[in-house]
Amino acid sequence: MRFLSLLLAVFVLAGMAAAPPAAPALATWKKLGERTVDHALDRDEIKVGVREGDFRSIKLVVKRRAVTFRDVKVHYRNGGVQDVALRREIGGGGETRVIDLKGDDRFIQKVVFWYNTAPHRGRRAKVVLYGQR
């Protein structure tokens, strides 16, 4: 019996060590908008508006299907534009890295992104923009 208890404890501890780290909760992030994207090379934008406030970082979450981002630009209320070096594919259910916003006046007017998705007869991908204060 003692051997079985020891064996069970080893399996439990091994399972805990092999478990992936928990993803950061979106609880500290504010959803700023979303777009359902087409099945082609295209451009879309998510309008935010100054009433949402000042943010220090953003991230894009991709739902349903993969999206390959070609270019992302953050447009600020003061007329400034921040080019984000994000040229990669994000799978359905994935998200971009945390994107730090530059400067002091970080009231986002809109986020514009150029992307493409692979042709597919199923549901279209959705891109959701989150901000963190």
# chains A, B, ... in the order shown; residues from 1 in each chain; ligands from 1

$ residues_around --residues "Thr28 (chain A)" --least-positions-apart "6" --cutoff "9 Å" --atoms "only C-alpha atoms" --output "MDAnalysis selection string"
chainID A and resid 131:133

$ residues_around --residues "region 97-100 of chain A" --least-positions-apart "4" --cutoff "6 Å" --atoms "only C-alpha atoms" --output "PyMOL selection string"
chain A and resi 57-59

$ atom_distance --atom1 "CA of Lys126 (chain A)" --atom2 "CA of Arg64 (chain A)"
6.6 Å

$ residues_around --residues "Asn78 (chain A)" --least-positions-apart "5" --cutoff "10 Å" --atoms "only C-alpha atoms" --output "MDAnalysis selection string"
chainID A and resid 105:109

$ decode --residues "region 101-114 of chain A" --atoms "N, CA and C atoms" --output "compact mmCIF listing (two decimals), in the first residue's frame"
# COMPACT_ATOMS: atom_id res chain seq x y z
N LEU A 101 3.36 50.56 -25.84
CA LEU A 101 3.06 51.79 -26.57
C LEU A 101 4.04 52.88 -26.15
N LYS A 102 4.52 53.62 -27.13
CA LYS A 102 5.54 54.65 -26.89
C LYS A 102 4.90 55.99 -26.57
N GLY A 103 5.67 56.85 -25.89
CA GLY A 103 5.26 58.23 -25.65
C GLY A 103 4.38 58.40 -24.43
N ASP A 104 3.96 59.66 -24.22
CA ASP A 104 3.15 60.01 -23.06
C ASP A 104 1.66 60.05 -23.38
N ASP A 105 1.30 60.57 -24.56
CA ASP A 105 -0.09 60.69 -24.96
C ASP A 105 -0.49 59.45 -25.74
N ARG A 106 -0.93 58.42 -25.03
CA ARG A 106 -1.19 57.12 -25.65
C ARG A 106 -2.68 56.83 -25.77
N PHE A 107 -3.44 57.87 -26.11
CA PHE A 107 -4.87 57.70 -26.36
C PHE A 107 -4.99 57.16 -27.79
N ILE A 108 -5.44 55.92 -27.91
CA ILE A 108 -5.49 55.26 -29.22
C ILE A 108 -6.73 55.69 -29.98
N GLN A 109 -6.53 56.13 -31.21
CA GLN A 109 -7.64 56.45 -32.10
C GLN A 109 -8.09 55.20 -32.84
N LYS A 110 -7.11 54.45 -33.37
CA LYS A 110 -7.41 53.21 -34.09
C LYS A 110 -6.14 52.39 -34.24
N VAL A 111 -6.33 51.10 -34.50
CA VAL A 111 -5.24 50.20 -34.83
C VAL A 111 -5.55 49.63 -36.21
N VAL A 112 -4.61 49.83 -37.14
CA VAL A 112 -4.76 49.38 -38.52
C VAL A 112 -3.83 48.20 -38.73
N PHE A 113 -4.35 47.14 -39.37
CA PHE A 113 -3.50 45.98 -39.62
C PHE A 113 -3.74 45.42 -41.01
N TRP A 114 -2.63 45.02 -41.63
CA TRP A 114 -2.63 44.36 -42.94
C TRP A 114 -2.35 42.89 -42.67
